[in-house]
Amino acid sequence: MDSLLSVIRKHWGYDSFRPLQREAMTAAMESQDSLTVLPTGGGKSLCYQAPAVHRDGMAVVVSPLIALMKDQVDALSECGVPAAYVNSSLTAQERMEVAGRVRRGELKMLFAAPERLVQQRTIEFLADVELSFIAIDEAHCISNWGHDFRPEYRRLSDLRQAFPDISIHAFTATATERVRRDIGEQLKLKAPRILVGSFDRPNLLYRVERRHDVIGQIREVIDRHPNESGIVYCISRSSVEETASTLSSLGYRTLPYHAGLEPDRRKANQEAFIDEKTDIIVATVAFGMGIDKSNVRYVVHAEMPRSIEAYQQESGRAGRDGLEAECSLIYSGRDTSTWEFLINQSENEDNRVTSLQALGRMESFCFSSVCRHRQLVGHFGQQLEKENCGACDVCLNEIESLQDPLVLAQKIISSIYRQEQRYGAEYTSLVLRGSKSKKVLTNGHDQLSTYGLLKDESERDLRGWIDQLVAQGLLRRSGEYSVLVITDTGFQLLKGELTPQLTRPKTRRQAASATHKWEGVDRGLFENLRQMRMDIAAERGVPPYVIFGDMTLRELARFRPTRAGDLLQIYGIGQQKQAEFGGTVIERITEYCLEDDLVTNLPISDTNRTARKVPPDSFRRR
Ligand code: ADP
Ligand code: ZN
């Protein structure tokens, strides 16, 4: 184990294991089949990379996405680990070169797309190679119970027979029991070690709010993160286009991404985001699988996702580097109808029922006033240890549960009843708020006993409650005009036989965050180093985060080391990176600190690292 740690220290510059990494690595070292389930950002890659470096021979890594393979191989090269990939993007010549390196035993890892790996000639070729083990990344793609089934993954079940003596190690972030079992069966794992990590992502701050001014609500999040990377998800291509162009016109560096764009443009936009040439990408769910960018600081859902699994995946793209990040979900009752329409249109009968159930659970998530972290881990069968997560709108006390929800709901529902159940939410809110609008007056609805009954409430709150009543099954939206209809349970409520739950957002919040790791960091130096990172990355044709993660830059800008040897103590700097970039880093730090009169070479220690103990300004000489 100590030797594994020294491998990690030497190549990656980390000095401890993350939870379950040690166990997962042991399985790979001892050739015992395994299935490791860790959330996004949990550090799955290192679980096979470190043993692959440590063991003799070459490991084969199956990965579904071409773009990810290239990034992984680039990142490994920057850490001084020889690796290569084979997929359809390579020319015949390039493939031959890789084959040569494999034959000469030069590689520690070979990344391959599943369909290529199971080809007869690949199997025959690999039969003569000393293999250490096979790792299967994103293993849930093998299960059609998962959210991301890929038929070509099914063929991986041939691997066991093709390589009977080589252990197989599967990795996924999808935790449902069913998918887990499916992976084991499909891959024919032999008495696998099953390692399931905690699904909580404590560094993510979750908020859910009803949509009332979508651009304003998105801007509120963006404005908390100037110059930082974020993703805004929308359901449809047209809302992507519209949102992206509005944000651009407001001066935000924004690009759109969806399947309807020309492939070249789509690729260019994705790369601009990865290379930090744009801050914001507005996208459909088509965006994300292919990127591993570690420093996404916020993910906004401008519309509700289709399931909790999808939400966990998409929001999980924030804060992979473990630093604080923000996930905001902005929903409206209409999103449910949109998804219902899409599901009914695109899915066969079997899948439809499952999809609609998943949608229902997503909706309940939005309306619930239970801690978001608790709900998310609960969905995956786990419990949250702490009482108060300190990182969601519920625990931060940003929403208020109403004291007398029954009477309020009765007022709303009886108005709908008196309006003969022929109008939608907007109109209902006009009546209840006592509007003098022409439509209400012409209909004579100013004569209803419910007219003006809630005139002191804001339209925003009222519409929110109607959505909540729909989500709780007391009302139903019907037909093209989303007319509100009272359900059987709705009538029970009118009789006072049951009580709903109604909430309202409190007026504004601080930008609270669970784990702020900016203490002691000189922001100016951080920005300076960020620019340096971009320059190095551009020169080498790799994404910036492959050079240094944000955590590394923050430590550099906090401790400001100017001695080459000290760089190795910085998070994320191993021998190779020290040798390659150390000179440039030290030059930058020295120059900046001299000019700004900042003290350099602060003591690097773990307490200073995590701590709030480094007061932000006390180290300035002036
Ligand atoms: P996953 O594949 O599980 O989503 P990654 O493998 O991409 O997660 O790891 C997320 C981040 O955590 C990466 O930046 C990785 O380098 C970092 N990381 C992984 N293991 C460790 C460790 N033991 N110590 C510090 N950082 C780590
Ligand atoms: Zn919470």
# chains A, B, ... in the order shown; residues from 1 in each chain; ligands from 1
$ closest_atom_pairs --of "chain A" --to "ligand 2" --cutoff "8 Å" --atoms "only C-alpha atoms and all ligand atoms" --output "CSV"
residue,atom,partner,partner_atom_place_in_ligand_line,distance
A:Tyr206,CA,ligand 2,1 (Zn),8.0
A:Val370,CA,ligand 2,1 (Zn),7.4
A:Cys371,CA,ligand 2,1 (Zn),3.7
A:Arg372,CA,ligand 2,1 (Zn),5.2
A:His373,CA,ligand 2,1 (Zn),5.3
A:Arg374,CA,ligand 2,1 (Zn),6.5
A:Asn388,CA,ligand 2,1 (Zn),5.6
A:Cys389,CA,ligand 2,1 (Zn),4.1
A:Gly390,CA,ligand 2,1 (Zn),5.7
A:Ala391,CA,ligand 2,1 (Zn),5.5
A:Cys392,CA,ligand 2,1 (Zn),4.4
A:Asp393,CA,ligand 2,1 (Zn),6.8
A:Val394,CA,ligand 2,1 (Zn),5.5
A:Cys395,CA,ligand 2,1 (Zn),4.2
A:Leu396,CA,ligand 2,1 (Zn),7.2
$ residues_near_ligand --ligand "ligand 1" --cutoff "7 Å" --atoms "only C-alpha atoms and all ligand atoms" --output "PyMOL selection string"
chain A and resi 14-18+38-46+292+294+320-322+549
$ residues_around --residues "A:Arg22" --least-positions-apart "6" --cutoff "12 Å" --atoms "only C-alpha atoms" --output "NGL selection string"
:A and (1-5 or 8 or 16 or 28-29 or 36 or 43-44 or 46-48 or 50-51 or 195)
$ write_last_selection --atoms "all heavy atoms" --output "compact mmCIF listing (two decimals), in the first residue's frame"
# COMPACT_ATOMS: atom_id res chain seq x y z
N MET A 1 0.81 -1.21 0.00
CA MET A 1 0.00 0.00 0.00
C MET A 1 0.85 1.27 0.00
O MET A 1 0.60 2.21 -0.73
CB MET A 1 -0.90 0.01 1.24
CG MET A 1 -2.27 -0.50 0.93
SD MET A 1 -3.02 0.35 -0.49
CE MET A 1 -3.78 -1.03 -1.32
N ASP A 2 1.89 1.23 0.84
CA ASP A 2 2.76 2.40 0.87
C ASP A 2 3.38 2.65 -0.49
O ASP A 2 3.58 3.79 -0.90
CB ASP A 2 3.86 2.21 1.92
CG ASP A 2 3.32 2.48 3.31
OD1 ASP A 2 2.18 3.01 3.38
OD2 ASP A 2 3.99 2.14 4.28
N SER A 3 3.67 1.53 -1.18
CA SER A 3 4.27 1.72 -2.49
C SER A 3 3.25 2.32 -3.46
O SER A 3 3.59 3.10 -4.34
CB SER A 3 4.85 0.42 -3.01
OG SER A 3 3.87 -0.59 -2.95
N LEU A 4 1.96 1.96 -3.28
CA LEU A 4 0.93 2.60 -4.12
C LEU A 4 0.86 4.09 -3.83
O LEU A 4 0.74 4.91 -4.73
CB LEU A 4 -0.44 1.98 -3.83
CG LEU A 4 -0.92 0.90 -4.79
CD1 LEU A 4 -2.25 0.34 -4.33
CD2 LEU A 4 -1.04 1.43 -6.22
N LEU A 5 0.93 4.41 -2.55
CA LEU A 5 0.90 5.83 -2.18
C LEU A 5 2.08 6.59 -2.80
O LEU A 5 1.93 7.73 -3.25
CB LEU A 5 0.95 5.99 -0.66
CG LEU A 5 -0.35 6.35 0.03
CD1 LEU A 5 -0.10 6.62 1.50
CD2 LEU A 5 -1.02 7.57 -0.61
N ILE A 8 1.31 7.32 -6.30
CA ILE A 8 0.35 8.42 -6.41
C ILE A 8 1.03 9.77 -6.17
O ILE A 8 0.82 10.75 -6.89
CB ILE A 8 -0.81 8.22 -5.40
CG1 ILE A 8 -1.63 7.00 -5.82
CG2 ILE A 8 -1.69 9.45 -5.32
CD1 ILE A 8 -2.70 6.62 -4.82
N SER A 16 -2.88 11.30 -0.16
CA SER A 16 -3.69 10.32 0.58
C SER A 16 -4.72 9.69 -0.37
O SER A 16 -4.92 10.18 -1.47
CB SER A 16 -4.40 11.00 1.74
OG SER A 16 -5.19 12.05 1.22
N ALA A 28 -7.53 -4.45 -7.69
CA ALA A 28 -6.83 -4.46 -8.97
C ALA A 28 -5.42 -5.00 -8.82
O ALA A 28 -4.90 -5.68 -9.71
CB ALA A 28 -6.80 -3.06 -9.58
N MET A 29 -4.80 -4.74 -7.69
CA MET A 29 -3.45 -5.26 -7.46
C MET A 29 -3.48 -6.78 -7.31
O MET A 29 -2.58 -7.48 -7.74
CB MET A 29 -2.84 -4.65 -6.18
CG MET A 29 -2.46 -3.18 -6.27
SD MET A 29 -1.32 -2.79 -7.59
CE MET A 29 0.15 -3.69 -7.06
N THR A 36 -16.83 -0.99 -8.41
CA THR A 36 -16.69 0.16 -7.53
C THR A 36 -17.69 1.24 -7.93
O THR A 36 -17.74 1.64 -9.09
CB THR A 36 -15.26 0.72 -7.61
OG1 THR A 36 -14.35 -0.32 -7.28
CG2 THR A 36 -15.07 1.88 -6.65
N GLY A 43 -13.17 10.07 -7.69
CA GLY A 43 -11.80 9.62 -7.94
C GLY A 43 -11.71 8.19 -8.45
O GLY A 43 -10.81 7.44 -8.09
N LYS A 44 -12.66 7.82 -9.32
CA LYS A 44 -12.65 6.47 -9.86
C LYS A 44 -11.42 6.19 -10.73
O LYS A 44 -10.85 5.12 -10.67
CB LYS A 44 -13.93 6.21 -10.67
CG LYS A 44 -15.17 6.09 -9.80
CD LYS A 44 -16.41 5.76 -10.59
CE LYS A 44 -16.95 6.93 -11.36
NZ LYS A 44 -17.38 8.06 -10.50
N LEU A 46 -8.37 7.13 -10.70
CA LEU A 46 -7.13 6.79 -10.01
C LEU A 46 -7.15 5.34 -9.52
O LEU A 46 -6.10 4.71 -9.39
CB LEU A 46 -6.92 7.75 -8.83
CG LEU A 46 -5.47 7.94 -8.38
CD1 LEU A 46 -4.64 8.59 -9.47
CD2 LEU A 46 -5.42 8.79 -7.12
N CYS A 47 -8.35 4.81 -9.26
CA CYS A 47 -8.48 3.44 -8.77
C CYS A 47 -7.90 2.42 -9.74
O CYS A 47 -7.46 1.36 -9.33
CB CYS A 47 -9.94 3.08 -8.50
SG CYS A 47 -10.68 4.03 -7.19
N TYR A 48 -7.96 2.71 -11.03
CA TYR A 48 -7.30 1.78 -11.95
C TYR A 48 -5.97 2.32 -12.47
O TYR A 48 -5.07 1.57 -12.81
CB TYR A 48 -8.22 1.36 -13.11
CG TYR A 48 -8.84 2.48 -13.92
CD1 TYR A 48 -8.12 3.13 -14.92
CD2 TYR A 48 -10.15 2.88 -13.71
CE1 TYR A 48 -8.69 4.15 -15.66
CE2 TYR A 48 -10.72 3.89 -14.45
CZ TYR A 48 -10.00 4.52 -15.42
OH TYR A 48 -10.56 5.54 -16.16
N ALA A 50 -3.54 4.06 -10.84
CA ALA A 50 -2.38 3.82 -9.96
C ALA A 50 -1.95 2.36 -9.98
O ALA A 50 -0.76 2.07 -10.17
CB ALA A 50 -2.69 4.30 -8.54
N PRO A 51 -2.89 1.39 -9.84
CA PRO A 51 -2.45 -0.01 -9.94
C PRO A 51 -1.86 -0.34 -11.31
O PRO A 51 -0.91 -1.11 -11.40
CB PRO A 51 -3.73 -0.82 -9.71
CG PRO A 51 -4.67 0.09 -9.05
CD PRO A 51 -4.31 1.48 -9.45
N LEU A 195 -17.77 -2.41 -3.92
CA LEU A 195 -17.40 -1.26 -3.10
C LEU A 195 -18.33 -0.11 -3.45
O LEU A 195 -18.32 0.38 -4.57
CB LEU A 195 -15.96 -0.87 -3.38
CG LEU A 195 -14.92 -1.98 -3.14
CD1 LEU A 195 -13.61 -1.66 -3.82
CD2 LEU A 195 -14.72 -2.18 -1.64
$ select_by_dssp --residues "stretch 397-617 of chain A" --states "strand (DSSP E)" --output "ChimeraX atom specification"
/A:399-401,475-478,483-486,503-505
$ closest_atom_pairs --of "stretch 131-223 of chain A" --to "stretch 460-463 of chain A" --cutoff "12 Å" --atoms "only C-alpha atoms" --output "JSON lines"
{"residue": "A:Glu209", "atom": "CA", "partner": "A:Arg460", "partner_atom": "CA", "distance": 10.9}
{"residue": "A:Arg210", "atom": "CA", "partner": "A:Arg460", "partner_atom": "CA", "distance": 8.3}
{"residue": "A:Arg211", "atom": "CA", "partner": "A:Arg460", "partner_atom": "CA", "distance": 8.7}
{"residue": "A:His212", "atom": "CA", "partner": "A:Arg460", "partner_atom": "CA", "distance": 6.5}
{"residue": "A:Asp213", "atom": "CA", "partner": "A:Arg460", "partner_atom": "CA", "distance": 9.7}
$ write_last_selection --atoms "all heavy atoms" --output "PDB file, in the first residue's frame"
ATOM      1  N   GLU A 209     -35.832  26.352  -7.131  1.00  0.00           N
ATOM      2  CA  GLU A 209     -36.798  27.447  -7.058  1.00  0.00           C
ATOM      3  C   GLU A 209     -37.719  27.468  -8.266  1.00  0.00           C
ATOM      4  O   GLU A 209     -37.389  26.943  -9.328  1.00  0.00           O
ATOM      5  CB  GLU A 209     -36.097  28.797  -6.907  1.00  0.00           C
ATOM      6  CG  GLU A 209     -35.085  29.083  -7.987  1.00  0.00           C
ATOM      7  CD  GLU A 209     -34.236  30.302  -7.636  1.00  0.00           C
ATOM      8  OE1 GLU A 209     -33.197  30.132  -6.984  1.00  0.00           O
ATOM      9  OE2 GLU A 209     -34.645  31.401  -8.019  1.00  0.00           O
ATOM     10  N   ARG A 210     -38.878  28.029  -8.047  1.00  0.00           N
ATOM     11  CA  ARG A 210     -39.857  28.082  -9.101  1.00  0.00           C
ATOM     12  C   ARG A 210     -39.469  29.162 -10.102  1.00  0.00           C
ATOM     13  O   ARG A 210     -38.932  30.195  -9.744  1.00  0.00           O
ATOM     14  CB  ARG A 210     -41.223  28.407  -8.501  1.00  0.00           C
ATOM     15  CG  ARG A 210     -42.330  28.169  -9.466  1.00  0.00           C
ATOM     16  CD  ARG A 210     -43.681  28.341  -8.819  1.00  0.00           C
ATOM     17  NE  ARG A 210     -44.651  28.286  -9.885  1.00  0.00           N
ATOM     18  CZ  ARG A 210     -44.928  29.309 -10.668  1.00  0.00           C
ATOM     19  NH1 ARG A 210     -44.351  30.463 -10.487  1.00  0.00           N
ATOM     20  NH2 ARG A 210     -45.803  29.168 -11.646  1.00  0.00           N
ATOM     21  N   ARG A 211     -39.744  28.886 -11.375  1.00  0.00           N
ATOM     22  CA  ARG A 211     -39.349  29.835 -12.412  1.00  0.00           C
ATOM     23  C   ARG A 211     -40.344  30.993 -12.471  1.00  0.00           C
ATOM     24  O   ARG A 211     -41.542  30.777 -12.573  1.00  0.00           O
ATOM     25  CB  ARG A 211     -39.324  29.099 -13.759  1.00  0.00           C
ATOM     26  CG  ARG A 211     -38.711  29.886 -14.871  1.00  0.00           C
ATOM     27  CD  ARG A 211     -38.232  28.967 -15.983  1.00  0.00           C
ATOM     28  NE  ARG A 211     -39.318  28.299 -16.662  1.00  0.00           N
ATOM     29  CZ  ARG A 211     -39.465  26.983 -16.722  1.00  0.00           C
ATOM     30  NH1 ARG A 211     -38.605  26.180 -16.149  1.00  0.00           N
ATOM     31  NH2 ARG A 211     -40.484  26.456 -17.363  1.00  0.00           N
ATOM     32  N   HIS A 212     -39.812  32.228 -12.350  1.00  0.00           N
ATOM     33  CA  HIS A 212     -40.718  33.357 -12.550  1.00  0.00           C
ATOM     34  C   HIS A 212     -40.069  34.395 -13.448  1.00  0.00           C
ATOM     35  O   HIS A 212     -40.745  35.138 -14.135  1.00  0.00           O
ATOM     36  CB  HIS A 212     -41.147  33.961 -11.206  1.00  0.00           C
ATOM     37  CG  HIS A 212     -39.995  34.391 -10.365  1.00  0.00           C
ATOM     38  ND1 HIS A 212     -39.532  35.663 -10.363  1.00  0.00           N
ATOM     39  CD2 HIS A 212     -39.204  33.679  -9.528  1.00  0.00           C
ATOM     40  CE1 HIS A 212     -38.482  35.726  -9.547  1.00  0.00           C
ATOM     41  NE2 HIS A 212     -38.269  34.547  -9.038  1.00  0.00           N
ATOM     42  N   ASP A 213     -38.737  34.413 -13.468  1.00  0.00           N
ATOM     43  CA  ASP A 213     -38.041  35.368 -14.321  1.00  0.00           C
ATOM     44  C   ASP A 213     -36.731  34.666 -14.641  1.00  0.00           C
ATOM     45  O   ASP A 213     -35.723  34.882 -13.990  1.00  0.00           O
ATOM     46  CB  ASP A 213     -37.818  36.663 -13.524  1.00  0.00           C
ATOM     47  CG  ASP A 213     -36.678  37.503 -14.099  1.00  0.00           C
ATOM     48  OD1 ASP A 213     -36.385  37.386 -15.309  1.00  0.00           O
ATOM     49  OD2 ASP A 213     -36.064  38.263 -13.315  1.00  0.00           O
TER      50      ASP A 213
END
$ closest_residue --among "A:Ala52, A:Ala139, A:Val407, A:Leu448" --to "A:Gly184" --atoms "only C-alpha atoms"
A:Ala139
$ residues_around --residues "stretch 121-130 of chain A" --least-positions-apart "6" --cutoff "9 Å" --atoms "only C-alpha atoms" --output "PyMOL selection string"
chain A and resi 56-59+99+102-103+105+159+162-163
$ closest_residue --among "A:Glu400, A:Asp200, A:Asp148, A:Glu555" --to "A:Val285" --atoms "only C-alpha atoms"
A:Asp148
$ closest_residue --among "A:Leu110, A:Val208, A:Leu261, A:Val81" --to "A:Ile399" --atoms "only C-alpha atoms"
A:Val208
$ residues_around --residues "stretch 568-574 of chain A" --least-positions-apart "3" --cutoff "12 Å" --atoms "only C-alpha atoms" --output "ChimeraX atom specification"
/A:6-16,75-76,78-81,321,545-565,577-582,585,601-606,608-610
$ write_last_selection --atoms "C-alpha atoms" --output "compact mmCIF listing (two decimals), in the first residue's frame"
# COMPACT_ATOMS: atom_id res chain seq x y z
CA SER A 6 4.36 6.67 -3.41
CA VAL A 7 3.21 6.00 -6.99
CA ILE A 8 0.35 8.42 -6.41
CA ARG A 9 2.61 11.00 -4.86
CA LYS A 10 5.20 10.73 -7.59
CA HIS A 11 2.87 10.92 -10.57
CA TRP A 12 -0.15 12.80 -9.32
CA GLY A 13 1.12 14.81 -6.39
CA TYR A 14 -1.65 13.67 -4.00
CA ASP A 15 -0.77 12.41 -0.59
CA SER A 16 -3.69 10.32 0.58
CA ALA A 75 -3.61 14.01 -18.60
CA LEU A 76 -1.64 10.81 -17.96
CA GLU A 78 1.39 15.19 -18.28
CA CYS A 79 1.82 13.05 -15.17
CA GLY A 80 4.55 10.99 -16.80
CA VAL A 81 2.47 7.85 -17.35
CA ASP A 321 -12.37 18.90 -8.20
CA TYR A 545 -7.40 21.41 -16.26
CA VAL A 546 -5.05 18.74 -17.57
CA ILE A 547 -2.15 21.04 -16.72
CA PHE A 548 -3.29 22.06 -13.22
CA GLY A 549 -6.61 21.82 -11.40
CA ASP A 550 -8.13 24.84 -9.65
CA MET A 551 -7.16 23.40 -6.28
CA THR A 552 -3.51 23.41 -7.34
CA LEU A 553 -3.73 27.02 -8.49
CA ARG A 554 -5.40 28.04 -5.26
CA GLU A 555 -2.65 26.40 -3.21
CA LEU A 556 0.01 28.07 -5.31
CA ALA A 557 -1.68 31.43 -4.83
CA ARG A 558 -2.03 30.79 -1.12
CA PHE A 559 1.41 29.40 -0.17
CA ARG A 560 3.33 31.13 -3.01
CA PRO A 561 6.28 28.75 -3.09
CA THR A 562 9.38 29.91 -4.96
CA ARG A 563 11.64 26.92 -4.33
CA ALA A 564 11.46 24.05 -6.80
CA GLY A 565 11.54 21.43 -4.05
CA LYS A 577 4.75 18.49 -13.56
CA GLN A 578 7.36 19.95 -11.30
CA ALA A 579 10.00 19.26 -13.90
CA GLU A 580 7.93 20.55 -16.81
CA PHE A 581 6.22 23.60 -15.39
CA GLY A 582 8.04 24.33 -12.12
CA VAL A 585 5.32 28.68 -12.03
CA ASN A 601 6.91 30.72 0.84
CA LEU A 602 4.28 30.49 3.53
CA PRO A 603 4.51 27.24 5.46
CA ILE A 604 2.72 24.50 3.55
CA SER A 605 0.84 22.32 5.98
CA ASP A 606 -2.40 20.45 6.09
CA ASN A 608 -3.21 25.76 6.57
CA ARG A 609 -4.62 23.86 3.66
CA THR A 610 -8.10 23.16 4.79
$ atom_distance --atom1 "atom CA of A:Glu241" --atom2 "atom CA of A:Gly260"
10.3 Å
$ closest_residue --among "A:Ser34, A:Ser245, A:Asn295, A:Ser229" --to "A:Ser167" --atoms "only C-alpha atoms"
A:Ser34
$ select_by_dssp --residues "stretch 292-531 of chain A" --states "alpha helix (DSSP H)" --output "PyMOL selection string"
chain A and resi 308-315+333-346+349-367+372-379+405-418+425-432+438-442+459-471+488-494+523-531
$ residues_around --residues "A:Met109" --least-positions-apart "6" --cutoff "8 Å" --atoms "only C-alpha atoms" --output "NGL selection string"
:A and (49 or 52-53 or 58-61 or 82-84)
$ residues_around --residues "A:Ser449" --least-positions-apart "2" --cutoff "10 Å" --atoms "only C-alpha atoms" --output "list in words"
Lys411, Ser414, Ser415, Arg418, Leu432, His445, Asp446, Gln447, Tyr451, Gly452 and Leu453 of chain A
$ closest_atom_pairs --of "stretch 309-398 of chain A" --to "stretch 497-506 of chain A" --cutoff "9 Å" --atoms "only C-alpha atoms" --output "tab-separated table"
residue	atom	partner	partner_atom	distance
A:Phe367	CA	A:Thr503	CA	8.1
A:Ser368	CA	A:Gln501	CA	8.3
A:Ser369	CA	A:Thr503	CA	7.5
A:Asn397	CA	A:Lys506	CA	8.1
A:Glu398	CA	A:Lys506	CA	5.3
$ closest_atom_pairs --of "stretch 331-414 of chain A" --to "stretch 471-479 of chain A" --cutoff "10 Å" --atoms "only C-alpha atoms" --output "Markdown table"
| residue | atom | partner | partner_atom | distance |
| --- | --- | --- | --- | --- |
| A:Gly333 | CA | A:Ala471 | CA | 8.0 |
| A:Arg334 | CA | A:Arg477 | CA | 9.3 |
| A:Thr336 | CA | A:Ala471 | CA | 9.3 |
| A:Ser337 | CA | A:Arg477 | CA | 8.4 |
| A:Gly360 | CA | A:Ala471 | CA | 8.0 |
| A:Arg361 | CA | A:Ala471 | CA | 9.7 |
| A:Glu363 | CA | A:Ala471 | CA | 6.5 |
| A:Ser364 | CA | A:Ala471 | CA | 6.5 |
| A:Phe365 | CA | A:Ala471 | CA | 9.9 |
| A:Cys366 | CA | A:Ala471 | CA | 9.1 |
| A:Phe367 | CA | A:Ala471 | CA | 7.3 |
| A:Ser368 | CA | A:Ala471 | CA | 9.7 |
| A:Ala409 | CA | A:Leu474 | CA | 9.4 |
| A:Ile413 | CA | A:Leu475 | CA | 8.0 |
$ closest_residue --among "A:Ala286, A:Leu342, A:Val179, A:Ala191" --to "A:Glu309" --atoms "only C-alpha atoms"
A:Val179
